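Coordinates as given in input30.pdb (PDB, C-alpha atoms, pLDDT in the B column):
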ATOM      1  CA  MET K   1       0.000   0.000   0.000  1.00 58.00           C
ATOM      2  CA  ARG K   2       1.409   3.346  -1.038  1.00 71.00           C
ATOM      3  CA  LYS K   3       1.114   6.251   1.356  1.00 72.00           C
ATOM      4  CA  ASP K   4       1.585   9.920   0.629  1.00 62.00           C
ATOM      5  CA  SER K   5       3.728  12.345   2.602  1.00 74.00           C
ATOM      6  CA  TYR K   6       0.868  12.726   5.121  1.00 68.00           C
ATOM      7  CA  HIS K   7       0.733   8.924   5.601  1.00 68.00           C
ATOM      8  CA  ILE K   8      -2.654   8.735   3.881  1.00 69.00           C
ATOM      9  CA  GLU K   9      -3.178   5.645   1.740  1.00 73.00           C
ATOM     10  CA  MET K  10      -3.211   6.311  -1.975  1.00 73.00           C
ATOM     11  CA  ASP K  11      -5.473   4.447  -4.398  1.00 75.00           C
ATOM     12  CA  ASN K  12      -4.486   0.798  -4.487  1.00 82.00           C
ATOM     13  CA  LEU K  13      -4.418  -1.015  -7.824  1.00 89.00           C
ATOM     14  CA  SER K  14      -2.807  -4.232  -6.619  1.00 88.00           C
ATOM     15  CA  ARG K  15      -5.974  -6.320  -6.875  1.00 91.00           C
ATOM     16  CA  PHE K  16      -6.619  -5.334 -10.489  1.00 92.00           C
ATOM     17  CA  PRO K  17      -4.970  -6.815 -13.592  1.00 94.00           C
ATOM     18  CA  LEU K  18      -3.139  -3.934 -15.278  1.00 96.00           C
ATOM     19  CA  GLU K  19      -2.136  -3.396 -18.900  1.00 97.00           C
ATOM     20  CA  ARG K  20       0.020  -0.875 -20.736  1.00 97.00           C
ATOM     21  CA  SER K  21       0.322   0.237 -24.331  1.00 98.00           C
ATOM     22  CA  GLY K  22       2.333   2.718 -26.338  1.00 97.00           C
ATOM     23  CA  ASP K  23      -0.460   3.264 -28.870  1.00 96.00           C
ATOM     24  CA  CYS K  24      -3.715   2.189 -27.121  1.00 94.00           C
ATOM     25  CA  GLU K  25      -4.129  -0.640 -29.629  1.00 95.00           C
ATOM     26  CA  SER K  26      -1.705  -3.353 -28.558  1.00 96.00           C
ATOM     27  CA  TRP K  27      -1.861  -4.007 -24.801  1.00 97.00           C
ATOM     28  CA  GLU K  28       0.505  -6.036 -22.623  1.00 97.00           C
ATOM     29  CA  ASP K  29       0.222  -7.111 -19.004  1.00 97.00           C
ATOM     30  CA  VAL K  30       2.198  -5.173 -16.425  1.00 96.00           C
ATOM     31  CA  SER K  31       2.946  -6.411 -12.928  1.00 94.00           C
ATOM     32  CA  GLN K  32       2.322  -4.432  -9.780  1.00 91.00           C
ATOM     33  CA  GLU K  33       6.053  -4.597  -9.034  1.00 91.00           C
ATOM     34  CA  GLU K  34       6.892  -2.964 -12.379  1.00 94.00           C
ATOM     35  CA  LEU K  35       4.314  -0.259 -11.801  1.00 92.00           C
ATOM     36  CA  ASP K  36       5.577   0.390  -8.273  1.00 90.00           C
ATOM     37  CA  ALA K  37       9.114   0.839  -9.593  1.00 92.00           C
ATOM     38  CA  ILE K  38       7.875   3.408 -12.119  1.00 93.00           C
ATOM     39  CA  LEU K  39       5.754   5.241  -9.548  1.00 91.00           C
ATOM     40  CA  ASP K  40       8.736   5.460  -7.205  1.00 90.00           C
ATOM     41  CA  LYS K  41      10.459   7.641  -9.826  1.00 93.00           C
ATOM     42  CA  VAL K  42       7.700  10.261 -10.212  1.00 93.00           C
ATOM     43  CA  ASP K  43       6.664  12.974  -7.793  1.00 93.00           C
ATOM     44  CA  GLU K  44       3.789  12.394  -5.383  1.00 91.00           C
ATOM     45  CA  PRO K  45       1.116  14.577  -7.072  1.00 92.00           C
ATOM     46  CA  LYS K  46       1.717  12.853 -10.402  1.00 93.00           C
ATOM     47  CA  ALA K  47       1.560   9.400  -8.785  1.00 92.00           C
ATOM     48  CA  LYS K  48      -1.679  10.280  -6.947  1.00 91.00           C
ATOM     49  CA  ASN K  49      -3.281  11.583 -10.124  1.00 93.00           C
ATOM     50  CA  PHE K  50      -2.175   8.531 -12.105  1.00 94.00           C
ATOM     51  CA  LEU K  51      -3.575   6.106  -9.518  1.00 92.00           C
ATOM     52  CA  ALA K  52      -6.873   7.991  -9.230  1.00 92.00           C
ATOM     53  CA  VAL K  53      -7.440   8.077 -13.002  1.00 94.00           C
ATOM     54  CA  VAL K  54      -6.623   4.397 -13.540  1.00 94.00           C
ATOM     55  CA  ARG K  55      -8.604   3.331 -10.450  1.00 92.00           C
ATOM     56  CA  GLY K  56     -11.550   5.308 -11.812  1.00 93.00           C
ATOM     57  CA  GLY K  57     -11.537   3.276 -15.023  1.00 93.00           C
ATOM     58  CA  GLY K  58      -9.679   5.699 -17.279  1.00 95.00           C
ATOM     59  CA  PHE K  59      -6.420   5.649 -19.176  1.00 93.00           C
ATOM     60  CA  SER K  60      -3.427   7.441 -17.789  1.00 95.00           C
ATOM     61  CA  ARG K  61      -0.070   8.078 -19.408  1.00 95.00           C
ATOM     62  CA  LEU K  62       3.165   7.620 -17.520  1.00 94.00           C
ATOM     63  CA  GLU K  63       6.733   7.257 -18.778  1.00 91.00           C
ATOM     64  CA  GLY K  64       5.640   6.945 -22.427  1.00 94.00           C
ATOM     65  CA  TYR K  65       2.944   4.301 -21.906  1.00 97.00           C
ATOM     66  CA  PHE K  66      -0.792   4.362 -21.375  1.00 97.00           C
ATOM     67  CA  TYR K  67      -2.053   2.252 -18.466  1.00 97.00           C
ATOM     68  CA  ARG K  68      -5.473   0.812 -17.687  1.00 97.00           C
ATOM     69  CA  ILE K  69      -7.207  -1.899 -15.740  1.00 95.00           C
ATOM     70  CA  ARG K  70      -7.680  -4.840 -18.093  1.00 95.00           C
ATOM     71  CA  PRO K  71     -11.305  -4.933 -19.290  1.00 92.00           C
ATOM     72  CA  ARG K  72     -13.343  -8.011 -18.550  1.00 86.00           C
ATOM     73  CA  SER K  73     -13.833 -10.323 -21.510  1.00 70.00           C
TER      74      SER K  73
END

File written out as structure tokens:
Amino acid sequence: MRKDSYHIEMDNLSRFPLERSGDCESWEDVSQEELDAILDKVDEPKAKNFLAVVRGGGFSRLEGYFYRIRPRS
């Protein structure tokens, strides 16, 4: 669980299957560990915004890729 500088829990995506794409057409799975490593490199407001958008069902761009929760088939 990620916490912000005020020790408040940020949105948690660990229970969702995540995907990323460079063009929003071809999607590949991404692990929570990979995503955590990327989020560790960005500042807190950007990480919070990213997590909120993806958790809300949208696409968010980070480090050249678009991320989303994998849609149900």

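CA of Arg70 (chain K) is positioned 10.8 Å from CA of Gly58 (chain K).
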
**OP:** May I ask which of the residues K:Ser73, K:Cys24, K:Gln32, K:Asp40 is the closest one to Phe59 (chain K), counting only C-alpha atoms?
**Re:** K:Cys24

Shell around region 26-31 of chain K at 10 Å using all atoms listed in the file, local window under 5 positions removed, as a PDB file with C-alpha atoms, in the coordinates of the input:
ATOM      1  CA  SER K  14      -2.807  -4.232  -6.619  1.00 88.00           C
ATOM      2  CA  PHE K  16      -6.619  -5.334 -10.489  1.00 92.00           C
ATOM      3  CA  PRO K  17      -4.970  -6.815 -13.592  1.00 94.00           C
ATOM      4  CA  LEU K  18      -3.139  -3.934 -15.278  1.00 96.00           C
ATOM      5  CA  GLU K  19      -2.136  -3.396 -18.900  1.00 97.00           C
ATOM      6  CA  ARG K  20       0.020  -0.875 -20.736  1.00 97.00           C
ATOM      7  CA  SER K  21       0.322   0.237 -24.331  1.00 98.00           C
ATOM      8  CA  ASP K  36       5.577   0.390  -8.273  1.00 90.00           C
ATOM      9  CA  PHE K  66      -0.792   4.362 -21.375  1.00 97.00           C
ATOM     10  CA  TYR K  67      -2.053   2.252 -18.466  1.00 97.00           C
ATOM     11  CA  ARG K  68      -5.473   0.812 -17.687  1.00 97.00           C
ATOM     12  CA  ILE K  69      -7.207  -1.899 -15.740  1.00 95.00           C
ATOM     13  CA  ARG K  70      -7.680  -4.840 -18.093  1.00 95.00           C
TER      14      ARG K  70
END

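Counting only C-alpha atoms and comparing K:Lys48, K:Pro71, K:Glu33, K:Glu25, the residue that lies closest to Lys3 (chain K) is K:Lys48.
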
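Each of K:Asn12, K:Glu34, K:Gly22, K:Val42 was compared to Arg55 (chain K) using only C-alpha atoms, and K:Asn12 turns out to be the nearest.
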
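Closest approach to Glu44 (chain K) among K:Ser5, K:Gly57, K:Glu63, K:Asp23 is made by K:Ser5 (distances from only C-alpha atoms).
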
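Between CA of Leu39 (chain K) and CA of Arg15 (chain K) lies a distance of 16.7 Å.
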
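The list of residues with at least one atom within 10 Å of Asp11 (chain K), based on only C-alpha atoms and without residues fewer than 3 positions apart in the same chain, reads Met1, Arg2, Lys3, Ile8, Ser14, Ala47, Lys48, Asn49, Phe50, Leu51, Ala52, Val53, Val54, Arg55 and Gly56 of chain K.
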